[in-house]
$ cat structure.cif   # mmCIF, C-alpha atoms; chains and numbers go by the auth columns
data_run
#
loop_
_atom_site.group_PDB
_atom_site.id
_atom_site.type_symbol
_atom_site.label_atom_id
_atom_site.label_comp_id
_atom_site.label_asym_id
_atom_site.label_seq_id
_atom_site.Cartn_x
_atom_site.Cartn_y
_atom_site.Cartn_z
_atom_site.B_iso_or_equiv
_atom_site.auth_seq_id
_atom_site.auth_asym_id
ATOM 1 C CA MET A 1 47.565 -14.912 60.592 0.00 1 A
ATOM 2 C CA LYS A 2 46.374 -18.235 59.250 0.00 2 A
ATOM 3 C CA GLN A 3 42.974 -17.723 60.875 0.00 3 A
ATOM 4 C CA ARG A 4 42.475 -14.379 59.077 0.00 4 A
ATOM 5 C CA SER A 5 43.320 -15.734 55.610 0.00 5 A
ATOM 6 C CA ARG A 6 41.054 -18.768 55.918 0.00 6 A
ATOM 7 C CA PRO A 7 37.766 -16.822 55.270 0.00 7 A
ATOM 8 C CA TRP A 8 39.350 -15.179 52.231 0.00 8 A
ATOM 9 C CA ILE A 9 40.432 -18.514 50.840 0.00 9 A
ATOM 10 C CA ILE A 10 36.928 -19.918 51.367 0.00 10 A
ATOM 11 C CA LEU A 11 35.419 -16.838 49.720 0.00 11 A
ATOM 12 C CA VAL A 12 37.775 -17.125 46.718 0.00 12 A
ATOM 13 C CA VAL A 13 36.969 -20.826 46.351 0.00 13 A
ATOM 14 C CA ILE A 14 33.210 -20.130 46.505 0.00 14 A
ATOM 15 C CA LEU A 15 33.548 -17.307 43.946 0.00 15 A
ATOM 16 C CA ALA A 16 35.612 -19.572 41.691 0.00 16 A
ATOM 17 C CA ILE A 17 32.965 -22.324 41.891 0.00 17 A
ATOM 18 C CA VAL A 18 30.169 -19.837 41.165 0.00 18 A
ATOM 19 C CA GLY A 19 32.168 -18.365 38.264 0.00 19 A
ATOM 20 C CA ILE A 20 32.808 -21.791 36.771 0.00 20 A
ATOM 21 C CA TRP A 21 29.138 -22.713 37.168 0.00 21 A
ATOM 22 C CA ILE A 22 28.037 -19.472 35.455 0.00 22 A
ATOM 23 C CA GLY A 23 30.503 -20.057 32.621 0.00 23 A
ATOM 24 C CA VAL A 24 29.411 -23.667 32.095 0.00 24 A
ATOM 25 C CA SER A 25 25.725 -22.699 32.236 0.00 25 A
ATOM 26 C CA TYR A 26 26.211 -19.799 29.830 0.00 26 A
ATOM 27 C CA ASN A 27 28.150 -21.946 27.362 0.00 27 A
ATOM 28 C CA GLY A 28 25.444 -24.621 27.561 0.00 28 A
ATOM 29 C CA LEU A 29 22.761 -22.047 26.747 0.00 29 A
ATOM 30 C CA VAL A 30 24.789 -20.676 23.848 0.00 30 A
ATOM 31 C CA LYS A 31 25.294 -24.212 22.519 0.00 31 A
ATOM 32 C CA GLN A 32 21.560 -24.945 22.695 0.00 32 A
ATOM 33 C CA ASP A 33 20.696 -21.579 21.111 0.00 33 A
ATOM 34 C CA GLU A 34 23.068 -22.309 18.231 0.00 34 A
ATOM 35 C CA ASN A 35 21.527 -25.777 17.877 0.00 35 A
ATOM 36 C CA VAL A 36 18.086 -24.161 17.521 0.00 36 A
ATOM 37 C CA LYS A 37 19.470 -21.837 14.834 0.00 37 A
ATOM 38 C CA LEU A 38 21.127 -24.762 13.043 0.00 38 A
ATOM 39 C CA ASN A 39 17.881 -26.731 12.985 0.00 39 A
ATOM 40 C CA TRP A 40 16.014 -23.645 11.801 0.00 40 A
ATOM 41 C CA GLY A 41 18.504 -23.338 8.941 0.00 41 A
ATOM 42 C CA ASN A 42 17.979 -26.997 8.056 0.00 42 A
ATOM 43 C CA LEU A 43 14.220 -26.446 7.954 0.00 43 A
ATOM 44 C CA GLN A 44 14.671 -23.368 5.765 0.00 44 A
ATOM 45 C CA ASN A 45 16.858 -25.484 3.491 0.00 45 A
ATOM 46 C CA ALA A 46 14.090 -28.115 3.159 0.00 46 A
ATOM 47 C CA TYR A 47 11.554 -25.392 2.360 0.00 47 A
ATOM 48 C CA GLN A 48 13.910 -23.957 -0.252 0.00 48 A
ATOM 49 C CA ARG A 49 14.295 -27.405 -1.807 0.00 49 A
ATOM 50 C CA ARG A 50 10.511 -27.584 -2.161 0.00 50 A
ATOM 51 C CA LEU A 51 10.470 -24.153 -3.785 0.00 51 A
ATOM 52 C CA ASP A 52 13.303 -25.122 -6.135 0.00 52 A
ATOM 53 C CA LEU A 53 11.640 -28.361 -7.254 0.00 53 A
ATOM 54 C CA THR A 54 8.240 -26.778 -7.850 0.00 54 A
ATOM 55 C CA PRO A 55 9.113 -24.973 -11.112 0.00 55 A
ATOM 56 C CA ASN A 56 10.716 -28.167 -12.438 0.00 56 A
ATOM 57 C CA LEU A 57 7.534 -30.120 -11.815 0.00 57 A
ATOM 58 C CA VAL A 58 5.450 -27.395 -13.424 0.00 58 A
ATOM 59 C CA ALA A 59 7.767 -27.390 -16.457 0.00 59 A
ATOM 60 C CA VAL A 60 7.457 -31.166 -16.850 0.00 60 A
ATOM 61 C CA VAL A 61 3.681 -30.981 -16.613 0.00 61 A
ATOM 62 C CA LYS A 62 3.562 -28.099 -19.123 0.00 62 A
ATOM 63 C CA ALA A 63 5.815 -29.963 -21.520 0.00 63 A
ATOM 64 C CA SER A 64 3.719 -33.114 -21.272 0.00 64 A
ATOM 65 C CA SER A 65 0.386 -31.451 -21.900 0.00 65 A
ATOM 66 C CA ASP A 66 -1.398 -28.187 -22.318 0.00 66 A
ATOM 67 C CA PHE A 67 -4.099 -28.641 -19.676 0.00 67 A
ATOM 68 C CA GLU A 68 -5.093 -27.166 -16.353 0.00 68 A
ATOM 69 C CA LYS A 69 -3.309 -23.867 -16.828 0.00 69 A
ATOM 70 C CA GLN A 70 -5.085 -22.378 -13.817 0.00 70 A
ATOM 71 C CA THR A 71 -3.674 -25.083 -11.526 0.00 71 A
ATOM 72 C CA LEU A 72 -0.191 -24.471 -12.888 0.00 72 A
ATOM 73 C CA GLN A 73 -0.579 -20.723 -12.354 0.00 73 A
ATOM 74 C CA GLU A 74 -1.713 -21.301 -8.753 0.00 74 A
ATOM 75 C CA VAL A 75 1.392 -23.385 -8.104 0.00 75 A
ATOM 76 C CA ALA A 76 3.646 -20.709 -9.585 0.00 76 A
ATOM 77 C CA GLU A 77 1.931 -17.916 -7.619 0.00 77 A
ATOM 78 C CA ALA A 78 2.074 -19.851 -4.342 0.00 78 A
ATOM 79 C CA ARG A 79 5.760 -20.553 -4.885 0.00 79 A
ATOM 80 C CA ALA A 80 6.456 -16.887 -5.631 0.00 80 A
ATOM 81 C CA LYS A 81 4.678 -15.782 -2.445 0.00 81 A
ATOM 82 C CA ALA A 82 6.438 -18.408 -0.331 0.00 82 A
ATOM 83 C CA SER A 83 9.857 -17.448 -1.642 0.00 83 A
ATOM 84 C CA GLN A 84 9.255 -13.870 -0.442 0.00 84 A
ATOM 85 C CA VAL A 85 8.660 -14.973 3.167 0.00 85 A
ATOM 86 C CA SER A 86 11.992 -15.217 4.940 0.00 86 A
ATOM 87 C CA ILE A 87 12.629 -15.462 8.663 0.00 87 A
ATOM 88 C CA ASP A 88 16.065 -15.002 10.136 0.00 88 A
ATOM 89 C CA ALA A 89 17.050 -17.309 13.004 0.00 89 A
ATOM 90 C CA THR A 90 17.063 -14.303 15.335 0.00 90 A
ATOM 91 C CA GLY A 91 13.431 -13.446 14.501 0.00 91 A
ATOM 92 C CA LEU A 92 11.855 -16.715 15.598 0.00 92 A
ATOM 93 C CA SER A 93 8.339 -16.072 16.914 0.00 93 A
ATOM 94 C CA ALA A 94 4.852 -17.538 16.658 0.00 94 A
ATOM 95 C CA GLU A 95 3.771 -14.689 14.372 0.00 95 A
ATOM 96 C CA ASN A 96 6.671 -15.299 11.990 0.00 96 A
ATOM 97 C CA PHE A 97 6.027 -19.051 12.060 0.00 97 A
ATOM 98 C CA ALA A 98 2.407 -18.404 11.129 0.00 98 A
ATOM 99 C CA LYS A 99 3.446 -16.288 8.129 0.00 99 A
ATOM 100 C CA LEU A 100 5.923 -18.892 6.960 0.00 100 A
ATOM 101 C CA GLU A 101 3.544 -21.792 7.499 0.00 101 A
ATOM 102 C CA GLN A 102 0.752 -19.999 5.651 0.00 102 A
ATOM 103 C CA ALA A 103 2.981 -19.378 2.633 0.00 103 A
ATOM 104 C CA GLN A 104 4.420 -22.897 2.682 0.00 104 A
ATOM 105 C CA GLY A 105 0.919 -24.309 3.207 0.00 105 A
ATOM 106 C CA GLN A 106 -0.256 -22.586 0.040 0.00 106 A
ATOM 107 C CA VAL A 107 2.610 -24.186 -1.876 0.00 107 A
ATOM 108 C CA ALA A 108 1.808 -27.622 -0.457 0.00 108 A
ATOM 109 C CA SER A 109 -1.909 -27.182 -1.149 0.00 109 A
ATOM 110 C CA SER A 110 -1.369 -26.097 -4.750 0.00 110 A
ATOM 111 C CA MET A 111 1.070 -28.971 -5.250 0.00 111 A
ATOM 112 C CA ASN A 112 -1.548 -31.398 -3.931 0.00 112 A
ATOM 113 C CA ARG A 113 -4.113 -29.991 -6.381 0.00 113 A
ATOM 114 C CA LEU A 114 -1.591 -30.357 -9.195 0.00 114 A
ATOM 115 C CA ILE A 115 -0.885 -33.956 -8.263 0.00 115 A
ATOM 116 C CA GLY A 116 -4.651 -34.547 -8.130 0.00 116 A
ATOM 117 C CA VAL A 117 -4.959 -33.191 -11.662 0.00 117 A
ATOM 118 C CA ILE A 118 -2.072 -35.361 -12.784 0.00 118 A
ATOM 119 C CA GLU A 119 -3.814 -38.451 -11.398 0.00 119 A
ATOM 120 C CA LYS A 120 -6.505 -37.879 -14.048 0.00 120 A
ATOM 121 C CA TYR A 121 -3.943 -38.167 -16.853 0.00 121 A
ATOM 122 C CA PRO A 122 -2.271 -41.619 -16.825 0.00 122 A
ATOM 123 C CA GLU A 123 0.088 -40.829 -19.718 0.00 123 A
ATOM 124 C CA LEU A 124 1.658 -38.039 -17.645 0.00 124 A
ATOM 125 C CA LYS A 125 2.047 -40.252 -14.572 0.00 125 A
ATOM 126 C CA THR A 126 4.216 -42.648 -16.526 0.00 126 A
ATOM 127 C CA THR A 127 6.606 -39.983 -17.823 0.00 127 A
ATOM 128 C CA GLN A 128 10.033 -40.781 -16.385 0.00 128 A
ATOM 129 C CA SER A 129 10.920 -37.161 -15.608 0.00 129 A
ATOM 130 C CA PHE A 130 7.618 -36.691 -13.798 0.00 130 A
ATOM 131 C CA LEU A 131 8.134 -39.851 -11.749 0.00 131 A
ATOM 132 C CA LEU A 132 11.596 -38.658 -10.741 0.00 132 A
ATOM 133 C CA LEU A 133 10.344 -35.211 -9.731 0.00 133 A
ATOM 134 C CA GLN A 134 7.391 -36.663 -7.851 0.00 134 A
ATOM 135 C CA SER A 135 9.777 -38.905 -5.919 0.00 135 A
ATOM 136 C CA GLN A 136 11.996 -35.917 -5.103 0.00 136 A
ATOM 137 C CA LEU A 137 8.994 -33.902 -3.911 0.00 137 A
ATOM 138 C CA GLU A 138 7.856 -36.760 -1.682 0.00 138 A
ATOM 139 C CA GLY A 139 11.360 -36.946 -0.244 0.00 139 A
ATOM 140 C CA THR A 140 11.347 -33.193 0.298 0.00 140 A
ATOM 141 C CA GLU A 141 8.056 -33.359 2.203 0.00 141 A
ATOM 142 C CA ARG A 142 9.592 -36.045 4.432 0.00 142 A
ATOM 143 C CA ARG A 143 12.653 -33.841 4.957 0.00 143 A
ATOM 144 C CA ILE A 144 10.413 -30.947 5.965 0.00 144 A
ATOM 145 C CA LYS A 145 8.615 -33.151 8.487 0.00 145 A
ATOM 146 C CA VAL A 146 11.903 -34.422 9.931 0.00 146 A
ATOM 147 C CA SER A 147 13.350 -30.896 10.014 0.00 147 A
ATOM 148 C CA ARG A 148 10.287 -29.605 11.870 0.00 148 A
ATOM 149 C CA ASN A 149 10.615 -32.415 14.399 0.00 149 A
ATOM 150 C CA ASP A 150 14.347 -31.738 14.833 0.00 150 A
ATOM 151 C CA PHE A 151 13.660 -28.018 15.238 0.00 151 A
ATOM 152 C CA ASN A 152 10.966 -28.652 17.862 0.00 152 A
ATOM 153 C CA THR A 153 13.314 -31.023 19.714 0.00 153 A
ATOM 154 C CA ALA A 154 16.083 -28.400 19.701 0.00 154 A
ATOM 155 C CA VAL A 155 13.654 -25.735 20.949 0.00 155 A
ATOM 156 C CA ALA A 156 12.395 -28.052 23.718 0.00 156 A
ATOM 157 C CA THR A 157 15.946 -28.844 24.867 0.00 157 A
ATOM 158 C CA TYR A 158 16.863 -25.158 24.828 0.00 158 A
ATOM 159 C CA ASN A 159 13.700 -24.176 26.719 0.00 159 A
ATOM 160 C CA LYS A 160 14.380 -26.804 29.399 0.00 160 A
ATOM 161 C CA LYS A 161 17.756 -25.190 30.056 0.00 161 A
ATOM 162 C CA VAL A 162 16.331 -21.648 29.979 0.00 162 A
ATOM 163 C CA ARG A 163 13.374 -22.401 32.229 0.00 163 A
ATOM 164 C CA GLY A 164 14.891 -25.048 34.534 0.00 164 A
ATOM 165 C CA PHE A 165 16.566 -24.250 37.815 0.00 165 A
ATOM 166 C CA PRO A 166 19.357 -23.213 38.281 0.00 166 A
ATOM 167 C CA GLY A 167 19.906 -22.477 34.576 0.00 167 A
ATOM 168 C CA SER A 168 17.043 -19.988 34.632 0.00 168 A
ATOM 169 C CA ILE A 169 19.169 -17.709 36.799 0.00 169 A
ATOM 170 C CA VAL A 170 21.945 -17.530 34.207 0.00 170 A
ATOM 171 C CA ALA A 171 19.374 -17.302 31.392 0.00 171 A
ATOM 172 C CA SER A 172 17.679 -14.291 32.954 0.00 172 A
ATOM 173 C CA VAL A 173 20.979 -12.545 33.704 0.00 173 A
ATOM 174 C CA PHE A 174 22.173 -12.973 30.099 0.00 174 A
ATOM 175 C CA SER A 175 18.726 -12.402 28.492 0.00 175 A
ATOM 176 C CA PHE A 176 18.147 -15.870 27.068 0.00 176 A
ATOM 177 C CA LYS A 177 14.425 -16.120 26.328 0.00 177 A
ATOM 178 C CA SER A 178 12.233 -19.171 25.724 0.00 178 A
ATOM 179 C CA LYS A 179 11.632 -19.957 22.058 0.00 179 A
ATOM 180 C CA GLU A 180 8.534 -21.246 20.306 0.00 180 A
ATOM 181 C CA GLY A 181 8.428 -24.321 18.112 0.00 181 A
ATOM 182 C CA PHE A 182 5.999 -25.380 15.433 0.00 182 A
ATOM 183 C CA THR A 183 2.469 -26.299 16.381 0.00 183 A
ATOM 184 C CA ALA A 184 -0.219 -28.024 14.361 0.00 184 A
ATOM 185 C CA ASP A 185 -2.409 -25.943 12.093 0.00 185 A
ATOM 186 C CA ALA A 186 -5.878 -25.077 13.364 0.00 186 A
ATOM 187 C CA GLY A 187 -8.191 -28.015 12.747 0.00 187 A
ATOM 188 C CA ALA A 188 -5.359 -30.501 12.274 0.00 188 A
ATOM 189 C CA GLY A 189 -6.824 -32.677 15.023 0.00 189 A
ATOM 190 C CA THR A 190 -10.092 -33.072 13.141 0.00 190 A
ATOM 191 C CA THR A 191 -10.374 -36.234 11.099 0.00 191 A
ATOM 192 C CA PRO A 192 -10.810 -35.303 7.434 0.00 192 A
ATOM 193 C CA GLU A 193 -13.969 -36.516 5.755 0.00 193 A
ATOM 194 C CA VAL A 194 -13.346 -38.506 2.610 0.00 194 A
ATOM 195 C CA LYS A 195 -16.193 -38.595 0.072 0.00 195 A
ATOM 196 C CA PHE A 196 -16.350 -40.515 -3.161 0.00 196 A
#

$ encode --input "structure.cif" --output "structure tokens"
Amino acid sequence: MKQRSRPWIILVVILAIVGIWIGVSYNGLVKQDENVKLNWGNLQNAYQRRLDLTPNLVAVVKASSDFEKQTLQEVAEARAKASQVSIDATGLSAENFAKLEQAQGQVASSMNRLIGVIEKYPELKTTQSFLLLQSQLEGTERRIKVSRNDFNTAVATYNKKVRGFPGSIVASVFSFKSKEGFTADAGAGTTPEVKF
């Protein structure tokens, strides 16, 4: 009788080990997926901070002078377009990243033009409210950079679990797919030419 029950005991033990392994692997994938979503939310938060600070900077510049209205309009239009682009954490894809990056790039570009215009007007640069806003915008740009790096790190960690063996088995069974992180803009590797 003992000989007959031994294969069943071995089978139950093997099934229990496999079940525990599947559960641990699944929970690890869920944890990494949630980490990717958390980092995506942090990046969205940094982008929103940029969008929130932009009208304040424009208002300070308008209040300080009545110049370069076209530049101010470009900033406002870029901000309006960027605030309309929203990507949910479940819709992460290269195409959606491109849309978001294009809109955010327009905001950053118009802000850079505005700051270039401001450099021409020393009395504006010394305004305390402008200095404070400029400092906040610089901090926001750093936050965006850090958030992008954190997001890419979370995506890389997640993808290692999804694509690595034996986790890829559990990932394919439960439909966990590889995710895409941020990549550099086209031409970012080219050294910019500075002319005076």

$ closest_residue --input "structure.cif" --among "A:Ile20, A:Ala80, A:Leu29, A:Val107" --to "A:Lys160" --atoms "all atoms listed in the file"
A:Leu29

$ closest_residue --input "structure.cif" --among "A:Ala154, A:Gly164, A:Val170, A:Lys145" --to "A:Leu43" --atoms "all atoms listed in the file"
A:Lys145

$ closest_residue --input "structure.cif" --among "A:Arg6, A:Asp33, A:Tyr26, A:Arg50" --to "A:Gly139" --atoms "only C-alpha atoms"
A:Arg50

$ atom_distance --input "structure.cif" --atom1 "atom CA of A:Ile169" --atom2 "atom CA of A:Ile17"
15.4 Å

$ atom_distance --input "structure.cif" --atom1 "atom CA of A:Trp8" --atom2 "atom CA of A:Ser25"
25.3 Å

$ closest_residue --input "structure.cif" --among "A:Arg148, A:Lys81, A:Arg113, A:Arg143" --to "A:Ala46" --atoms "all atoms listed in the file"
A:Arg143

$ atom_distance --input "structure.cif" --atom1 "atom CA of A:Tyr158" --atom2 "atom CA of A:Leu15"
26.6 Å
